[in-house]
$ cat final.tsv   # TSV, C-alpha atoms
chain	number	residue	atom	x	y	z
A	1	MET	CA	3.08	83.87	-12.53
A	2	THR	CA	3.25	80.25	-13.61
A	3	ILE	CA	1.65	77.51	-11.61
A	4	GLY	CA	4.01	74.61	-10.95
A	5	LYS	CA	3.76	71.37	-9.03
A	6	THR	CA	3.10	73.07	-5.69
A	7	GLU	CA	1.59	76.41	-4.83
A	8	LYS	CA	2.35	77.95	-1.45
A	9	ILE	CA	-0.49	79.81	0.20
A	10	HIS	CA	1.35	81.13	3.24
A	11	PRO	CA	3.82	84.06	3.40
A	12	SER	CA	7.43	83.02	2.73
A	13	ASN	CA	8.23	82.32	6.39
A	14	GLY	CA	4.77	81.00	7.20
A	15	MET	CA	2.22	82.71	9.42
A	16	VAL	CA	4.06	83.31	12.65
A	17	ILE	CA	2.40	83.76	16.03
A	18	ARG	CA	4.58	84.72	18.97
A	19	TYR	CA	3.26	84.66	22.49
A	20	LYS	CA	4.54	84.99	26.03
A	21	GLY	CA	2.30	84.30	28.99
A	22	ILE	CA	-0.11	81.65	30.14
A	23	ILE	CA	-0.43	78.85	27.59
A	24	ASP	CA	-2.73	75.89	27.95
A	25	VAL	CA	-0.51	73.67	25.81
A	26	ASP	CA	-2.63	70.58	26.36
A	27	SER	CA	-5.78	72.24	25.08
A	28	LEU	CA	-3.90	73.97	22.27
A	29	TYR	CA	-2.47	70.64	21.13
A	30	LYS	CA	-5.80	68.81	21.38
A	31	ASN	CA	-7.68	71.51	19.47
A	32	ALA	CA	-5.08	71.75	16.72
A	33	LYS	CA	-5.08	67.97	16.35
A	34	SER	CA	-8.89	67.84	16.23
A	35	TRP	CA	-8.90	70.59	13.61
A	36	PHE	CA	-7.20	68.25	11.15
A	37	GLY	CA	-9.76	65.51	11.79
A	38	ASN	CA	-12.71	67.90	11.59
A	39	ASN	CA	-11.50	69.18	8.23
A	40	SER	CA	-10.93	65.67	6.81
A	41	TYR	CA	-7.15	65.83	6.76
A	42	ASP	CA	-5.00	62.74	7.18
A	43	TYR	CA	-3.00	63.76	10.19
A	44	PHE	CA	0.51	62.86	11.19
A	45	GLU	CA	3.09	64.14	13.58
A	46	LYS	CA	6.58	64.66	12.25
A	47	GLU	CA	8.01	65.44	15.66
A	48	ASN	CA	6.97	65.49	19.29
A	49	THR	CA	9.83	66.51	21.55
A	50	GLU	CA	9.89	67.47	25.19
A	51	LYS	CA	12.99	68.37	27.17
A	52	SER	CA	12.79	68.49	30.91
A	53	LYS	CA	14.89	71.42	32.15
A	54	PRO	CA	15.21	73.15	35.52
A	55	GLN	CA	14.18	76.52	34.04
A	56	GLY	CA	11.06	74.90	32.56
A	57	ASN	CA	10.37	72.37	29.82
A	58	THR	CA	10.98	72.92	26.13
A	59	VAL	CA	8.44	71.51	23.71
A	60	ILE	CA	8.64	71.10	19.93
A	61	ILE	CA	5.68	69.68	18.04
A	62	LYS	CA	5.38	69.45	14.25
A	63	MET	CA	1.93	68.55	12.95
A	64	TYR	CA	1.01	67.90	9.34
A	65	GLY	CA	-2.15	67.06	7.49
A	66	THR	CA	-2.92	66.24	3.89
A	67	ARG	CA	-6.28	66.08	2.17
A	68	ASP	CA	-6.99	64.76	-1.31
A	69	VAL	CA	-9.49	67.32	-2.55
A	70	ASP	CA	-10.01	65.39	-5.78
A	71	ASP	CA	-7.91	63.16	-8.04
A	72	TYR	CA	-5.68	66.05	-9.04
A	73	VAL	CA	-5.31	68.46	-6.12
A	74	GLN	CA	-4.05	67.81	-2.61
A	75	PHE	CA	-3.98	70.33	0.25
A	76	LYS	CA	-1.26	70.24	2.86
A	77	VAL	CA	-1.46	72.17	6.13
A	78	GLU	CA	1.36	72.32	8.63
A	79	ILE	CA	1.50	73.71	12.13
A	80	VAL	CA	4.78	73.83	13.97
A	81	PHE	CA	5.08	74.65	17.65
A	82	ASP	CA	8.56	75.78	16.95
A	83	GLU	CA	9.88	75.68	20.52
A	84	ILE	CA	7.66	76.43	23.40
A	85	LEU	CA	10.21	77.59	25.95
A	86	ARG	CA	10.47	77.81	29.72
A	87	LEU	CA	7.19	76.00	30.18
A	88	LYS	CA	6.29	75.89	33.84
A	89	LYS	CA	3.10	74.69	35.45
A	90	ALA	CA	0.94	77.65	36.49
A	91	GLU	CA	-2.45	77.86	38.19
A	92	ARG	CA	-4.24	77.77	34.81
A	93	GLY	CA	-2.23	75.76	32.30
A	94	TYR	CA	1.42	76.68	31.87
A	95	MET	CA	3.56	79.79	31.79
A	96	GLY	CA	5.97	80.09	28.89
A	97	GLU	CA	6.97	81.49	25.53
A	98	ALA	CA	5.79	80.14	22.21
A	99	ARG	CA	6.50	80.56	18.54
A	100	ILE	CA	3.93	78.94	16.30
A	101	VAL	CA	4.21	78.75	12.50
A	102	ILE	CA	1.35	77.83	10.18
A	103	LYS	CA	1.87	76.89	6.53
A	104	ALA	CA	-0.43	75.71	3.77
A	105	GLU	CA	0.13	74.63	0.19
A	106	MET	CA	-1.51	72.86	-2.72
A	107	THR	CA	0.06	70.05	-4.70
A	108	PHE	CA	-1.11	69.41	-8.24
A	109	ASP	CA	-1.04	65.97	-9.81
A	110	TYR	CA	-0.13	64.40	-6.47
A	111	LYS	CA	-0.62	60.96	-8.02
A	112	ASN	CA	2.08	61.79	-10.58
A	113	LYS	CA	-0.03	60.72	-13.54
A	114	TRP	CA	1.25	63.64	-15.66
A	115	LYS	CA	4.87	63.06	-14.75
A	116	SER	CA	5.83	61.94	-18.25
A	117	PHE	CA	4.06	64.89	-19.89
A	118	PRO	CA	5.55	68.06	-18.37
A	119	PHE	CA	4.41	70.32	-21.19
A	120	LEU	CA	0.82	69.11	-21.05
A	121	PHE	CA	0.97	69.45	-17.27
A	122	TYR	CA	2.06	73.08	-17.70
A	123	LEU	CA	-0.75	73.78	-20.18
A	124	TYR	CA	-3.35	72.14	-17.99
A	125	ASN	CA	-2.34	74.09	-14.88
A	126	ASN	CA	-1.76	77.44	-16.51
A	127	TYR	CA	-4.55	77.57	-19.07
A	128	ILE	CA	-7.26	74.99	-18.56
A	129	LEU	CA	-7.39	74.81	-14.77
A	130	LYS	CA	-6.03	78.27	-13.93
A	131	LYS	CA	-9.44	79.85	-13.30
A	132	LYS	CA	-10.54	77.03	-11.02
A	133	ILE	CA	-7.26	77.19	-9.10
A	134	LYS	CA	-7.63	80.95	-8.55
A	135	ASN	CA	-11.33	81.00	-7.80
A	136	TYR	CA	-11.88	77.70	-6.08
A	137	TYR	CA	-8.85	75.82	-4.73
A	138	TRP	CA	-6.80	78.82	-3.61
A	139	PRO	CA	-9.59	80.53	-1.59
A	140	LYS	CA	-10.60	77.20	-0.10
A	141	VAL	CA	-7.18	76.31	1.32
A	142	TYR	CA	-6.55	79.94	2.29
A	143	ASP	CA	-9.79	79.99	4.31
A	144	GLU	CA	-8.79	76.76	6.03
A	145	MET	CA	-5.37	78.15	6.90
A	146	MET	CA	-6.97	81.30	8.34
A	147	ASP	CA	-9.47	79.20	10.25
A	148	LEU	CA	-6.62	77.31	11.90
A	149	ASN	CA	-4.84	80.59	12.57
A	150	SER	CA	-7.97	81.95	14.29
A	151	LEU	CA	-8.32	78.80	16.34
A	152	ILE	CA	-4.75	79.05	17.65
A	153	LYS	CA	-5.13	82.75	18.38
A	154	SER	CA	-8.40	82.25	20.19
A	155	LYS	CA	-6.84	79.51	22.33
A	156	LEU	CA	-4.02	81.89	23.24
A	157	GLY	CA	-6.48	84.70	23.92
A	158	LEU	CA	-5.09	86.90	21.15
A	159	ILE	CA	-7.00	89.34	18.96
A	160	GLU	CA	-8.28	87.58	15.83
B	1	MET	CA	7.33	47.56	-4.76
B	2	LYS	CA	7.27	49.80	-1.73
B	3	ILE	CA	4.49	52.27	-0.87
B	4	ASN	CA	5.58	54.72	1.79
B	5	LEU	CA	2.99	55.86	4.28
B	6	LEU	CA	4.58	57.59	7.25
B	7	SER	CA	8.27	58.32	7.36
B	8	ASN	CA	10.44	59.10	10.37
B	9	GLN	CA	7.85	60.27	12.85
B	10	LYS	CA	10.02	61.49	15.68
B	11	ILE	CA	9.27	61.24	19.38
B	12	LYS	CA	11.88	62.72	21.66
B	13	TRP	CA	11.97	62.93	25.42
B	14	GLU	CA	14.82	64.43	27.37
B	15	GLY	CA	14.37	63.41	30.97
B	16	ILE	CA	13.69	60.38	33.15
B	17	THR	CA	11.79	57.24	32.23
B	18	ASP	CA	11.89	53.51	32.82
B	19	PHE	CA	13.57	52.53	29.58
B	20	GLY	CA	13.42	48.80	30.27
B	21	GLU	CA	9.65	49.00	30.65
B	22	LEU	CA	9.27	51.15	27.55
B	23	TYR	CA	11.34	48.70	25.52
B	24	LYS	CA	9.36	45.74	26.82
B	25	TYR	CA	5.92	47.28	26.34
B	26	MET	CA	6.67	48.50	22.82
B	27	LYS	CA	7.82	45.02	21.89
B	28	LEU	CA	4.68	43.51	23.43
B	29	TRP	CA	2.48	45.96	21.56
B	30	LEU	CA	3.98	44.86	18.25
B	31	GLU	CA	3.70	41.20	19.17
B	32	ASP	CA	0.11	41.57	20.36
B	33	ASN	CA	-0.76	43.20	17.07
B	34	LYS	CA	0.86	40.32	15.16
B	35	TYR	CA	3.80	42.33	13.87
B	36	GLY	CA	6.47	39.69	14.16
B	37	ASP	CA	7.78	38.07	17.31
B	38	GLU	CA	10.74	38.52	19.61
B	39	LYS	CA	13.01	36.32	17.49
B	40	ASN	CA	12.82	38.23	14.23
B	41	LEU	CA	11.99	41.75	15.38
B	42	GLU	CA	15.37	43.16	16.29
B	43	GLU	CA	17.68	43.97	13.40
B	44	LYS	CA	20.30	45.96	15.29
B	45	TYR	CA	21.27	46.49	18.90
B	46	ILE	CA	24.37	48.53	19.61
B	47	GLU	CA	25.38	49.61	23.07
B	48	ARG	CA	28.36	51.86	23.70
B	49	VAL	CA	29.56	52.60	27.21
B	50	LYS	CA	31.19	55.97	27.70
B	51	GLY	CA	32.30	56.31	31.30
B	52	GLU	CA	29.20	56.26	33.50
B	53	LYS	CA	26.87	56.74	30.56
B	54	LYS	CA	25.55	54.54	27.79
B	55	GLN	CA	24.53	55.13	24.22
B	56	LEU	CA	22.08	52.79	22.52
B	57	GLU	CA	21.13	52.32	18.90
B	58	ILE	CA	18.35	49.85	18.25
B	59	LEU	CA	16.46	49.03	15.07
B	60	TRP	CA	13.31	46.95	14.86
B	61	ASN	CA	11.73	45.73	11.68
B	62	ALA	CA	8.17	44.59	12.39
B	63	GLU	CA	6.31	42.89	9.56
B	64	LYS	CA	2.80	41.60	9.16
B	65	LYS	CA	1.73	39.59	6.15
B	66	LYS	CA	-1.47	41.05	4.74
B	67	SER	CA	-2.00	38.92	1.65
B	68	GLU	CA	-0.01	36.67	-0.62
B	69	PHE	CA	1.37	39.71	-2.38
B	70	PHE	CA	1.69	42.42	0.29
B	71	LYS	CA	2.92	42.93	3.82
B	72	TYR	CA	2.85	45.80	6.30
B	73	VAL	CA	6.13	47.04	7.73
B	74	ILE	CA	6.65	49.23	10.79
B	75	LYS	CA	10.24	50.25	11.43
B	76	THR	CA	11.25	51.57	14.83
B	77	GLN	CA	14.58	53.20	15.45
B	78	PHE	CA	15.80	54.04	18.95
B	79	LEU	CA	18.60	56.40	19.70
B	80	VAL	CA	19.34	56.82	23.39
B	81	MET	CA	22.10	59.23	24.33
B	82	GLY	CA	23.83	59.79	27.65
B	83	MET	CA	21.82	57.21	29.56
B	84	SER	CA	22.51	56.80	33.25
B	85	ASP	CA	20.62	55.12	36.08
B	86	VAL	CA	18.87	57.29	38.65
B	87	GLU	CA	16.88	56.36	41.72
B	88	ILE	CA	13.42	57.88	42.03
B	89	GLU	CA	11.27	57.75	45.12
B	90	ASN	CA	7.56	57.59	44.46
B	91	ASN	CA	5.10	57.26	47.40
B	92	GLY	CA	7.90	55.94	49.58
B	93	VAL	CA	8.92	53.29	47.05
B	94	LYS	CA	12.38	53.56	45.52
B	95	ARG	CA	12.63	52.72	41.84
B	96	LYS	CA	15.55	52.60	39.45
B	97	MET	CA	14.95	54.55	36.26
B	98	GLN	CA	17.01	55.99	33.42
B	99	LYS	CA	17.89	59.55	32.58
B	100	ALA	CA	18.82	60.30	28.97
B	101	VAL	CA	17.79	61.79	25.66
B	102	PHE	CA	15.41	59.21	24.22
B	103	GLU	CA	14.66	59.50	20.53
B	104	ILE	CA	12.34	57.12	18.70
B	105	GLN	CA	11.61	57.28	14.99
B	106	ILE	CA	8.81	55.33	13.39
B	107	SER	CA	8.29	54.70	9.69
B	108	SER	CA	5.63	52.57	8.09
B	109	TYR	CA	5.07	51.31	4.59
B	110	ILE	CA	3.57	48.55	2.48
B	111	GLU	CA	5.95	46.24	0.67
B	112	SER	CA	5.31	43.62	-1.97
B	113	THR	CA	6.32	40.02	-1.37
B	114	LYS	CA	8.40	37.78	-3.61
B	115	ALA	CA	5.19	36.30	-5.06
B	116	TYR	CA	4.21	39.74	-6.38
B	117	ASP	CA	7.67	40.36	-7.81
B	118	ASP	CA	7.42	37.02	-9.62
B	119	LEU	CA	4.33	38.24	-11.51
B	120	LYS	CA	6.75	40.31	-13.62
B	121	GLY	CA	4.88	41.38	-16.81
B	122	MET	CA	1.49	40.77	-15.18
B	123	GLN	CA	2.19	43.17	-12.29
B	124	LYS	CA	0.78	46.31	-13.91
B	125	MET	CA	-2.39	44.59	-15.08
B	126	TYR	CA	-2.93	42.96	-11.69
B	127	TYR	CA	-2.29	46.27	-9.93
B	128	ASP	CA	-4.64	48.32	-12.13
B	129	MET	CA	-7.45	45.79	-12.37
B	130	VAL	CA	-7.44	44.00	-9.04
B	131	ILE	CA	-5.41	45.53	-6.29
B	132	ARG	CA	-5.54	49.35	-6.71
B	133	LYS	CA	-8.68	49.86	-4.58
B	134	ARG	CA	-7.54	47.33	-2.01
B	135	ILE	CA	-4.21	49.13	-1.61
B	136	ASN	CA	-6.08	52.20	-0.38
B	137	GLU	CA	-7.81	50.05	2.25
B	138	TYR	CA	-4.45	48.59	3.25
B	139	LEU	CA	-2.97	52.07	3.58
B	140	ARG	CA	-5.87	53.18	5.78
B	141	GLU	CA	-5.48	50.12	8.01
B	142	LEU	CA	-1.73	50.56	8.36
B	143	TYR	CA	-2.17	54.28	9.02
B	144	ASP	CA	-4.57	53.56	11.90
B	145	LYS	CA	-2.21	50.98	13.39
B	146	SER	CA	0.88	53.19	13.08
B	147	MET	CA	-0.88	56.12	14.70
B	148	LYS	CA	-2.03	53.90	17.57
B	149	TYR	CA	1.52	52.67	18.10
B	150	HIS	CA	2.78	56.25	17.99
B	151	SER	CA	0.17	57.33	20.55
B	152	TYR	CA	1.03	54.39	22.77
B	153	ILE	CA	4.69	55.44	22.97
B	154	LYS	CA	3.83	59.10	23.59
B	155	THR	CA	1.44	58.15	26.37
B	156	PHE	CA	4.08	55.96	28.00
B	157	LEU	CA	6.58	58.82	27.97
B	158	GLY	CA	4.00	61.26	29.28
B	159	LEU	CA	3.99	63.35	26.12
B	160	ARG	CA	0.91	65.05	24.74
B	161	ASP	CA	-1.37	62.89	22.65
$ encode --input "final.tsv" --output "structure tokens"
Amino acid sequence: MTIGKTEKIHPSNGMVIRYKGIIDVDSLYKNAKSWFGNNSYDYFEKENTEKSKPQGNTVIIKMYGTRDVDDYVQFKVEIVFDEILRLKKAERGYMGEARIVIKAEMTFDYKNKWKSFPFLFYLYNNYILKKKIKNYYWPKVYDEMMDLNSLIKSKLGLIE
Amino acid sequence: MKINLLSNQKIKWEGITDFGELYKYMKLWLEDNKYGDEKNLEEKYIERVKGEKKQLEILWNAEKKKSEFFKYVIKTQFLVMGMSDVEIENNGVKRKMQKAVFEIQISSYIESTKAYDDLKGMQKMYYDMVIRKRINEYLRELYDKSMKYHSYIKTFLGLRD
């Protein structure tokens, strides 16, 4: 398998968590947001949508974070609250349905210094740096993705 | 030269809010933070009336000069669909508000000024030897400001922040 510009860590559709029941959305949101800060990611929100509906609110939140690990490798972690449906205020938090997707990837040469040398870029990734990518970068970002996954599951009271 | 930082961060609220207040306070926030003034902020304001409802498209271009060669830019785009007035009673006080789909998109970037463009052949040398490190500081500063502006709007609309 050749290593290109980006390397996806997550399964093809991302790590999907589905849940129906009591959701403390406020705490879930705060904890997910803090996770990015605690892990030195530059955080930004691609979307924050809320629709007020009689059957309960619909919420869509798309959070992203990037971290420059060094001059060559950048990690990107994404968490998408891909429609929290029928959200109604309950005694503890809210009642509703949620689909949460977590994704992580690595970008090589994010400063585009090797842009003019595609062959050298290929050699560097697939021969010189390959071992470090497999043994260092990959496990590192994978662990971070799983850590975020555990955090979300724990907040939803799911088995980790 | 343009260095993109945050592009099209979307905030969307489907429900009731006081749009006039939101519009006013967002404008004040930009003015208070020295991003332009009322006269040169608004680039586009389109209002379409469809029966009882209105559709608005507004574009703001807020700029702040950082140095002789660079400026910060925060672009705000409003898209308001199906807006109608509603009367809300809160603690016995009646208040006119607006019901609609409110969508706000914010983008921020650093842009070079004409003085930098005039450096021509010297640009690369100046960038590599003088400004490269400073650009990172500029990006950090603009990032903090943009995120604060983003939070401010979300808080106003009662969204999670």
$ residues_near_point --input "final.tsv" --point "(7.9, 44.0, 12.0)" --cutoff "8 Å" --atoms "only C-alpha atoms" --output "PDB file with C-alpha atoms, in the frame of the given file"
ATOM      1  CA  LEU B  30       3.980  44.860  18.250  1.00  0.00           C
ATOM      2  CA  TYR B  35       3.800  42.330  13.870  1.00  0.00           C
ATOM      3  CA  GLY B  36       6.470  39.690  14.160  1.00  0.00           C
ATOM      4  CA  ASP B  37       7.780  38.070  17.310  1.00  0.00           C
ATOM      5  CA  ASN B  40      12.820  38.230  14.230  1.00  0.00           C
ATOM      6  CA  LEU B  41      11.990  41.750  15.380  1.00  0.00           C
ATOM      7  CA  TRP B  60      13.310  46.950  14.860  1.00  0.00           C
ATOM      8  CA  ASN B  61      11.730  45.730  11.680  1.00  0.00           C
ATOM      9  CA  ALA B  62       8.170  44.590  12.390  1.00  0.00           C
ATOM     10  CA  GLU B  63       6.310  42.890   9.560  1.00  0.00           C
ATOM     11  CA  LYS B  64       2.800  41.600   9.160  1.00  0.00           C
ATOM     12  CA  TYR B  72       2.850  45.800   6.300  1.00  0.00           C
ATOM     13  CA  VAL B  73       6.130  47.040   7.730  1.00  0.00           C
ATOM     14  CA  ILE B  74       6.650  49.230  10.790  1.00  0.00           C
ATOM     15  CA  LYS B  75      10.240  50.250  11.430  1.00  0.00           C
TER      16      LYS B  75
END
$ residues_around --input "final.tsv" --residues "Met146 of chain A" --least-positions-apart "5" --cutoff "10 Å" --atoms "all atoms listed in the file" --output "JSON, numbers by chain"
{"A": [10, 15, 102, 104, 141, 151, 152, 160]}
$ closest_residue --input "final.tsv" --among "B:Lys148, B:Glu57, B:Phe70, B:Gly15" --to "Asp117 of chain B" --atoms "all atoms listed in the file"
B:Phe70
$ residues_near_point --input "final.tsv" --point "(10.7, 75.2, 34.4)" --cutoff "6 Å" --atoms "only C-alpha atoms" --output "list in words"
Pro54, Gln55, Gly56, Asn57, Arg86, Leu87 and Lys88 of chain A
$ residues_around --input "final.tsv" --residues "Val69 of chain A" --least-positions-apart "3" --cutoff "12 Å" --atoms "all atoms listed in the file" --output "count of residues only"
20
$ closest_atom_pairs --input "final.tsv" --of "chain A" --to "chain B" --cutoff "6 Å" --atoms "all atoms listed in the file" --output "CSV"
residue,atom,partner,partner_atom,distance
A:Lys46,CA,B:Gln9,CA,4.6
A:Glu47,CA,B:Lys10,CA,4.4
A:Asn48,CA,B:Ile11,CA,4.8
A:Thr49,CA,B:Lys12,CA,4.3
A:Glu50,CA,B:Trp13,CA,5.0
A:Lys51,CA,B:Glu14,CA,4.3
A:Ser52,CA,B:Gly15,CA,5.3
$ write_last_selection --input "final.tsv" --atoms "C-alpha atoms" --output "mmCIF file, keeping the file's coordinate frame"
data_model
loop_
_atom_site.group_PDB
_atom_site.id
_atom_site.type_symbol
_atom_site.label_atom_id
_atom_site.label_comp_id
_atom_site.auth_asym_id
_atom_site.auth_seq_id
_atom_site.Cartn_x
_atom_site.Cartn_y
_atom_site.Cartn_z
ATOM 1 C CA LYS A 46 6.580 64.660 12.250
ATOM 2 C CA GLU A 47 8.010 65.440 15.660
ATOM 3 C CA ASN A 48 6.970 65.490 19.290
ATOM 4 C CA THR A 49 9.830 66.510 21.550
ATOM 5 C CA GLU A 50 9.890 67.470 25.190
ATOM 6 C CA LYS A 51 12.990 68.370 27.170
ATOM 7 C CA SER A 52 12.790 68.490 30.910
#
$ axis_aligned_box --input "final.tsv" --around "segment 86-100 of chain A" --padding-each-side "6 Å" --output "JSON"
{"center_x": 3.1, "center_y": 78.1, "center_z": 27.2, "size_x": 26.7, "size_y": 18.8, "size_z": 33.9}
$ atom_distance --input "final.tsv" --atom1 "atom CA of Ser84 of chain B" --atom2 "atom CA of Ile60 of chain A"
24.0 Å
$ atom_distance --input "final.tsv" --atom1 "atom CA of Met83 of chain B" --atom2 "atom CA of Lys96 of chain B"
12.6 Å
$ residues_around --input "final.tsv" --residues "Tyr64 of chain A" --least-positions-apart "6" --cutoff "7 Å" --atoms "only C-alpha atoms" --output "list in words"
Tyr43, Phe44, Glu45, Val77, Glu78 and Ile79 of chain A
$ atom_distance --input "final.tsv" --atom1 "atom CA of Gly93 of chain A" --atom2 "atom CA of Leu156 of chain A"
11.1 Å
$ closest_residue --input "final.tsv" --among "A:Lys111, A:Lys89, A:Lys33, A:Lys53" --to "Lys5 of chain A" --atoms "only C-alpha atoms"
A:Lys111
$ closest_residue --input "final.tsv" --among "A:Ser116, A:Thr58, A:Asn125, A:Ser154" --to "Gly96 of chain A" --atoms "all atoms listed in the file"
A:Thr58
$ closest_residue --input "final.tsv" --among "B:Tyr23, B:Tyr126, B:Tyr138, B:Tyr152" --to "Glu42 of chain B" --atoms "all atoms listed in the file"
B:Tyr23
$ closest_residue --input "final.tsv" --among "B:Leu22, B:Leu28, B:Leu119, B:Leu79" --to "Ile46 of chain B" --atoms "all atoms listed in the file"
B:Leu79
$ closest_residue --input "final.tsv" --among "A:Glu105, A:Asp147, A:Glu91, A:Asp82" --to "Arg18 of chain A" --atoms "all atoms listed in the file"
A:Asp82
